[in-house]
>>> print(open('query34.tsv').read())   # TSV, C-alpha atoms
chain	number	residue	atom	x	y	z
H	1	MET	CA	70.16	-16.60	-78.59
H	2	ALA	CA	71.16	-15.71	-82.14
H	3	GLU	CA	68.41	-18.04	-83.40
H	4	ASN	CA	65.81	-16.37	-81.16
H	5	PHE	CA	66.84	-12.95	-82.42
H	6	LEU	CA	66.61	-14.20	-86.01
H	7	THR	CA	63.10	-15.47	-85.25
H	8	VAL	CA	62.11	-12.02	-83.99
H	9	LYS	CA	63.44	-10.44	-87.18
H	10	ASN	CA	61.71	-12.96	-89.43
H	11	PHE	CA	58.44	-12.55	-87.53
H	12	ASN	CA	58.44	-8.83	-88.27
H	13	LEU	CA	59.62	-9.07	-91.87
H	14	HIS	CA	57.78	-12.05	-93.34
H	15	PRO	CA	54.63	-13.57	-91.75
H	16	PHE	CA	53.44	-10.43	-89.96
H	17	PRO	CA	55.02	-7.30	-91.44
H	18	GLU	CA	52.02	-5.28	-90.26
H	19	PHE	CA	53.40	-5.51	-86.72
H	20	TYR	CA	56.78	-4.04	-87.56
H	21	GLY	CA	57.17	-0.56	-86.07
H	22	LEU	CA	54.63	-1.08	-83.30
H	23	ASP	CA	55.51	-1.08	-79.60
H	24	PHE	CA	57.34	-4.31	-78.84
H	25	TYR	CA	57.34	-6.26	-75.58
H	26	LEU	CA	59.01	-9.54	-74.65
H	27	VAL	CA	57.27	-11.73	-72.08
H	28	GLY	CA	57.98	-15.23	-70.77
H	29	GLU	CA	57.53	-17.53	-67.79
H	30	SER	CA	59.54	-20.20	-65.98
H	31	TYR	CA	62.78	-20.75	-67.95
H	32	GLY	CA	61.76	-17.64	-69.87
H	33	GLY	CA	63.38	-15.86	-66.93
H	34	ILE	CA	66.65	-16.73	-68.65
H	35	TYR	CA	65.92	-16.25	-72.31
H	36	ILE	CA	63.61	-13.20	-72.14
H	37	PRO	CA	66.12	-10.79	-70.51
H	38	THR	CA	68.90	-12.26	-72.66
H	39	LEU	CA	66.86	-11.80	-75.83
H	40	ALA	CA	65.84	-8.29	-74.75
H	41	GLN	CA	69.51	-7.37	-74.41
H	42	ARG	CA	70.23	-8.82	-77.87
H	43	VAL	CA	67.35	-6.86	-79.39
H	44	GLN	CA	68.54	-3.64	-77.74
H	45	GLU	CA	72.12	-4.21	-78.90
H	46	GLY	CA	70.86	-4.73	-82.45
H	47	GLN	CA	68.91	-1.48	-82.70
H	48	SER	CA	71.41	0.05	-85.10
H	49	THR	CA	70.94	-2.71	-87.69
H	50	PHE	CA	67.37	-3.80	-86.98
H	51	PRO	CA	65.47	-1.15	-84.99
H	52	LEU	CA	62.51	-2.31	-82.92
H	53	GLU	CA	60.27	-0.29	-80.62
H	54	LEU	CA	61.33	-2.31	-77.57
H	55	LYS	CA	59.31	-0.84	-74.72
H	56	GLY	CA	59.81	-3.47	-72.06
H	57	PHE	CA	60.14	-7.07	-70.98
H	58	SER	CA	58.50	-9.18	-68.32
H	59	THR	CA	59.01	-12.52	-66.59
H	60	GLY	CA	56.43	-14.45	-64.61
H	61	ASN	CA	57.65	-16.99	-62.04
H	62	GLY	CA	60.91	-16.90	-63.93
H	63	MET	CA	64.30	-18.50	-63.34
H	64	LEU	CA	66.44	-15.42	-62.79
H	65	ASN	CA	69.24	-16.85	-60.67
H	66	TYR	CA	69.90	-20.58	-60.29
H	67	ARG	CA	71.70	-20.21	-56.97
H	68	GLN	CA	68.98	-18.18	-55.33
H	69	SER	CA	66.17	-20.29	-56.74
H	70	ASP	CA	67.80	-23.52	-55.58
H	71	THR	CA	68.62	-22.18	-52.12
H	72	SER	CA	65.30	-20.41	-51.51
H	73	LEU	CA	63.35	-23.60	-52.17
H	74	MET	CA	64.18	-24.84	-48.66
H	75	PHE	CA	62.95	-21.61	-47.04
H	76	TYR	CA	59.82	-21.74	-49.22
H	77	ALA	CA	59.14	-25.37	-48.26
H	78	TYR	CA	59.57	-24.88	-44.53
H	79	HIS	CA	57.41	-21.77	-44.33
H	80	HIS	CA	54.70	-23.49	-46.39
H	81	GLY	CA	54.63	-26.37	-43.91
H	82	LEU	CA	56.02	-29.01	-46.26
H	83	PHE	CA	58.33	-30.42	-43.61
H	84	ASP	CA	58.39	-30.10	-39.85
H	85	ASP	CA	60.46	-28.22	-37.31
H	86	ASN	CA	62.66	-31.24	-36.60
H	87	LEU	CA	64.20	-31.21	-40.07
H	88	TRP	CA	64.56	-27.43	-40.01
H	89	MET	CA	66.16	-27.43	-36.58
H	90	ASP	CA	68.52	-30.26	-37.57
H	91	HIS	CA	69.87	-28.05	-40.30
H	92	ARG	CA	70.29	-25.09	-37.98
H	93	LYS	CA	72.06	-27.27	-35.42
H	94	GLU	CA	74.37	-29.14	-37.79
H	95	GLY	CA	74.80	-26.47	-40.44
H	96	GLY	CA	75.44	-23.66	-38.03
H	97	SER	CA	72.77	-21.30	-39.28
H	98	GLU	CA	69.74	-20.93	-41.48
H	99	THR	CA	71.25	-18.33	-43.80
H	100	LYS	CA	71.02	-18.43	-47.59
H	101	GLU	CA	74.72	-19.11	-47.96
H	102	SER	CA	74.63	-21.96	-45.46
H	103	PHE	CA	72.00	-23.78	-47.49
H	104	PHE	CA	73.88	-23.24	-50.75
H	105	PHE	CA	77.14	-24.41	-49.19
H	106	HIS	CA	75.68	-27.68	-47.97
H	107	ILE	CA	73.82	-28.35	-51.23
H	108	HIS	CA	76.66	-27.67	-53.65
H	109	VAL	CA	79.97	-27.55	-51.78
H	110	ASN	CA	80.01	-29.74	-48.67
H	111	ASN	CA	77.62	-32.27	-50.18
H	112	ALA	CA	78.73	-35.15	-47.93
H	113	SER	CA	77.97	-33.43	-44.62
H	114	PHE	CA	75.14	-34.44	-42.31
H	115	CYS	CA	73.61	-31.03	-42.90
H	116	ALA	CA	73.64	-31.65	-46.66
H	117	LYS	CA	71.72	-34.86	-46.09
H	118	GLN	CA	69.08	-32.91	-44.19
H	119	VAL	CA	68.83	-30.40	-47.02
H	120	HIS	CA	68.46	-33.15	-49.61
H	121	GLU	CA	65.81	-34.81	-47.46
H	122	GLY	CA	63.87	-31.55	-47.59
H	123	GLN	CA	64.34	-31.33	-51.35
H	124	ASP	CA	63.11	-34.90	-51.75
H	125	ILE	CA	59.90	-34.02	-49.90
H	126	VAL	CA	59.29	-31.10	-52.23
H	127	LEU	CA	60.37	-32.59	-55.54
H	128	GLU	CA	59.70	-36.29	-55.11
H	129	GLY	CA	56.77	-36.38	-52.72
H	130	GLY	CA	53.94	-36.33	-55.25
H	131	LEU	CA	53.28	-32.61	-54.88
H	132	ASN	CA	52.51	-30.47	-57.90
H	133	PRO	CA	55.78	-28.52	-58.34
H	134	TYR	CA	54.15	-25.91	-60.59
H	135	SER	CA	51.09	-25.27	-58.44
H	136	LEU	CA	51.49	-26.38	-54.83
H	137	TYR	CA	47.81	-26.24	-53.87
H	138	ALA	CA	46.50	-27.68	-57.13
H	139	ASP	CA	45.83	-31.31	-57.92
H	140	CYS	CA	48.25	-33.38	-59.95
H	141	VAL	CA	46.92	-33.76	-63.48
H	142	HIS	CA	47.51	-37.17	-65.03
H	143	ARG	CA	47.37	-38.17	-68.66
H	144	GLU	CA	44.22	-40.04	-69.63
H	145	ALA	CA	46.36	-43.02	-70.61
H	146	PRO	CA	50.03	-43.71	-71.33
H	147	GLU	CA	49.29	-44.16	-75.03
H	148	ARG	CA	48.27	-40.49	-75.26
H	149	LYS	CA	51.94	-39.58	-75.42
H	150	GLN	CA	52.87	-39.93	-79.06
H	151	SER	CA	56.62	-39.79	-78.66
H	152	GLU	CA	59.45	-40.53	-76.28
H	153	ALA	CA	60.21	-36.82	-75.84
H	154	PRO	CA	60.58	-35.80	-72.19
H	155	SER	CA	57.75	-34.11	-70.36
H	156	ARG	CA	58.05	-30.54	-69.13
H	157	LEU	CA	58.79	-31.77	-65.63
H	158	GLU	CA	61.54	-34.08	-66.89
H	159	GLN	CA	63.18	-31.19	-68.73
H	160	ASP	CA	62.88	-28.82	-65.79
H	161	MET	CA	64.38	-31.34	-63.41
H	162	LYS	CA	67.18	-32.03	-65.86
H	163	TYR	CA	68.28	-28.40	-66.05
H	164	LEU	CA	67.03	-26.82	-62.81
H	165	TYR	CA	67.56	-29.66	-60.32
H	166	PRO	CA	70.04	-32.05	-61.96
H	167	LYS	CA	70.73	-33.91	-58.71
H	168	HIS	CA	67.24	-35.41	-58.97
H	169	THR	CA	67.42	-36.41	-62.66
H	170	SER	CA	67.88	-40.12	-61.97
H	171	SER	CA	64.57	-40.40	-60.14
H	172	VAL	CA	62.50	-37.93	-62.12
H	173	ARG	CA	60.51	-40.57	-63.99
H	174	VAL	CA	58.93	-41.88	-60.80
H	175	ILE	CA	57.63	-38.44	-59.81
H	176	VAL	CA	53.94	-37.75	-60.40
H	177	PRO	CA	54.13	-35.51	-63.51
H	178	CYS	CA	51.20	-33.22	-62.48
H	179	PHE	CA	51.25	-31.63	-65.91
H	180	ASP	CA	49.03	-32.86	-68.75
H	181	ASP	CA	50.81	-31.60	-71.85
H	182	HIS	CA	48.92	-33.65	-74.43
H	183	VAL	CA	46.26	-30.90	-74.76
H	184	SER	CA	48.88	-28.39	-75.92
H	185	GLU	CA	50.56	-30.97	-78.13
H	186	ASP	CA	47.28	-31.89	-79.83
H	187	TRP	CA	46.25	-28.27	-80.37
H	188	PHE	CA	49.57	-27.06	-81.82
H	189	SER	CA	49.66	-30.11	-84.11
H	190	ARG	CA	46.33	-29.26	-85.75
H	191	ALA	CA	46.56	-28.33	-89.43
H	192	ASP	CA	44.57	-25.09	-89.04
H	193	VAL	CA	46.75	-23.93	-86.13
H	194	ARG	CA	49.95	-24.71	-88.04
H	195	GLU	CA	48.63	-22.72	-91.00
H	196	ALA	CA	47.69	-19.73	-88.82
H	197	LEU	CA	51.19	-19.75	-87.30
H	198	HIS	CA	52.84	-20.05	-90.75
H	199	VAL	CA	54.58	-23.29	-89.82
H	200	LYS	CA	56.50	-24.61	-92.80
H	201	GLU	CA	55.27	-27.84	-94.37
H	202	ASN	CA	58.61	-29.58	-93.92
H	203	ILE	CA	58.32	-29.26	-90.12
H	204	PRO	CA	57.10	-32.52	-88.47
H	205	ASP	CA	53.34	-32.65	-87.92
H	206	GLN	CA	53.56	-33.51	-84.23
H	207	TRP	CA	54.37	-30.54	-82.03
H	208	LEU	CA	56.04	-31.49	-78.73
H	209	PHE	CA	55.91	-29.54	-75.50
H	210	CYS	CA	59.51	-30.44	-74.74
H	211	SER	CA	61.88	-31.90	-77.29
H	212	ASP	CA	65.09	-33.60	-76.23
H	213	ILE	CA	67.38	-31.39	-78.29
H	214	PRO	CA	71.02	-30.82	-77.31
H	215	TYR	CA	71.18	-27.85	-74.97
H	216	THR	CA	73.99	-26.19	-73.07
H	217	THR	CA	73.25	-23.87	-70.16
H	218	LEU	CA	75.17	-20.62	-70.65
H	219	TYR	CA	73.58	-18.27	-68.14
H	220	LEU	CA	72.90	-18.92	-64.45
H	221	ASN	CA	72.29	-15.35	-63.31
H	222	MET	CA	70.42	-12.52	-65.04
H	223	THR	CA	71.99	-9.67	-63.06
H	224	SER	CA	74.14	-8.51	-65.98
H	225	GLN	CA	71.20	-8.49	-68.38
H	226	PHE	CA	68.94	-6.62	-65.98
H	227	ASN	CA	71.59	-4.00	-65.27
H	228	TYR	CA	72.25	-3.47	-68.98
H	229	LEU	CA	68.55	-3.08	-69.82
H	230	HIS	CA	68.04	-0.69	-66.90
H	231	LYS	CA	70.87	1.54	-68.10
H	232	GLU	CA	69.38	1.48	-71.59
H	233	GLY	CA	66.04	2.65	-70.24
H	234	VAL	CA	64.18	-0.55	-71.10
H	235	LYS	CA	61.46	-1.15	-68.50
H	236	GLY	CA	61.13	-4.54	-66.86
H	237	LEU	CA	58.40	-6.25	-64.86
H	238	VAL	CA	58.99	-9.26	-62.60
H	239	TYR	CA	55.90	-10.90	-61.14
H	240	ASN	CA	55.32	-14.09	-59.16
H	241	GLY	CA	52.57	-16.09	-57.54
H	242	ASP	CA	53.41	-18.13	-54.45
H	243	TRP	CA	52.21	-21.57	-55.68
H	244	ASP	CA	55.10	-22.30	-58.04
H	245	MET	CA	57.92	-24.26	-56.40
H	246	MET	CA	60.12	-24.80	-59.48
H	247	CYS	CA	60.77	-21.05	-59.77
H	248	ASN	CA	59.55	-19.77	-56.44
H	249	PHE	CA	58.77	-16.17	-55.53
H	250	LEU	CA	61.31	-15.99	-52.73
H	251	GLY	CA	64.29	-16.61	-55.01
H	252	ASN	CA	63.12	-13.82	-57.31
H	253	GLU	CA	62.61	-11.52	-54.34
H	254	TRP	CA	66.21	-12.12	-53.28
H	255	PHE	CA	67.36	-11.50	-56.84
H	256	LEU	CA	65.61	-8.10	-57.03
H	257	GLU	CA	66.85	-7.08	-53.59
H	258	ASP	CA	70.42	-7.76	-54.68
H	259	LEU	CA	69.94	-5.51	-57.71
H	260	GLY	CA	69.45	-2.64	-55.29
>>> encode(input="query34.tsv", output="structure tokens")
Amino acid sequence: MAENFLTVKNFNLHPFPEFYGLDFYLVGESYGGIYIPTLAQRVQEGQSTFPLELKGFSTGNGMLNYRQSDTSLMFYAYHHGLFDDNLWMDHRKEGGSETKESFFFHIHVNNASFCAKQVHEGQDIVLEGGLNPYSLYADCVHREAPERKQSEAPSRLEQDMKYLYPKHTSSVRVIVPCFDDHVSEDWFSRADVREALHVKENIPDQWLFCSDIPYTTLYLNMTSQFNYLHKEGVKGLVYNGDWDMMCNFLGNEWFLEDLG
């Protein structure tokens, strides 16, 4: 997070000093649900040394709480008709209930139980059944050809599965990717775009949507960050559509309800 804060400072001081002093908002989607509130807290804490007109932050279909996102996926899937009543009723019968905590328990604690097997069967349908995990009702977008990928860097889906659903990492490469990232990679790698963004010449020419850099997950729950920003008077906006399964709306709804 220190590097992200340094980027914010450099952005205002060097390439675009004309923006310094204007109203400042932080916005992100997906995993931005983690780093946007965290960065907003860092910016607010640094006001005494580097004042910014931080007016608010926003997350769209963001990962705000791993536990709630993981658990709510089963409720989302059932009520969107992705698996039938038999699987749902098996869980209720063997697991004892259909509560949030029951699902979490059988996913992460009592992983060897029959109920856990039912839960994982449901997860397999959602995450390994050829559905588009980012847009349930949309088609899966394929690359034009394998050679379009210019590196061995993981796709966005591979990265998301690695950090958000690690139990499925071993089989992620057989999942239909549904996300054509070569358009973004080609555009950000163009010389005129790099120049407009003030990308240094010593940075590799090929921009990658996801790079396989070492990464350690530090935050699993944004409650602390949200509470801090609320007390500081920094406004926040959380919005969701209902097509995204990777960071579904129901998990975020639970998160906000728990904030009170």
>>> atom_distance(input="query34.tsv", atom1="CA of Gly62 in chain H", atom2="CA of Phe83 in chain H")
24.5 Å
>>> residues_around(input="query34.tsv", residues="range 3-19 of chain H", least_positions_apart="5", cutoff="12 Å", atoms="all atoms listed in the file", output="ChimeraX atom specification")
/H:24-26,35-36,38-47,49-54,195-200
>>> residues_around(input="query34.tsv", residues="Asp205 in chain H", least_positions_apart="6", cutoff="9 Å", atoms="all atoms listed in the file", output="compact mmCIF listing (two decimals) with C-alpha atoms, in the frame of the given file")
# COMPACT_ATOMS: atom_id res chain seq x y z
CA SER H 189 49.66 -30.11 -84.11
CA ARG H 190 46.33 -29.26 -85.75
CA ALA H 191 46.56 -28.33 -89.43
CA ARG H 194 49.95 -24.71 -88.04
>>> atom_distance(input="query34.tsv", atom1="CA of Tyr219 in chain H", atom2="CA of Phe249 in chain H")
19.6 Å
>>> residues_around(input="query34.tsv", residues="Tyr78 in chain H", least_positions_apart="4", cutoff="10 Å", atoms="only C-alpha atoms", output="number ranges by chain")
H: 73-74, 82-85, 87-88, 122, 126
>>> atom_distance(input="query34.tsv", atom1="CA of Leu229 in chain H", atom2="CA of Asp258 in chain H")
16.0 Å
>>> closest_residue(input="query34.tsv", among="H:Leu237, H:Cys210, H:Val193, H:Ile125", to="Lys55 in chain H", atoms="only C-alpha atoms")
H:Leu237
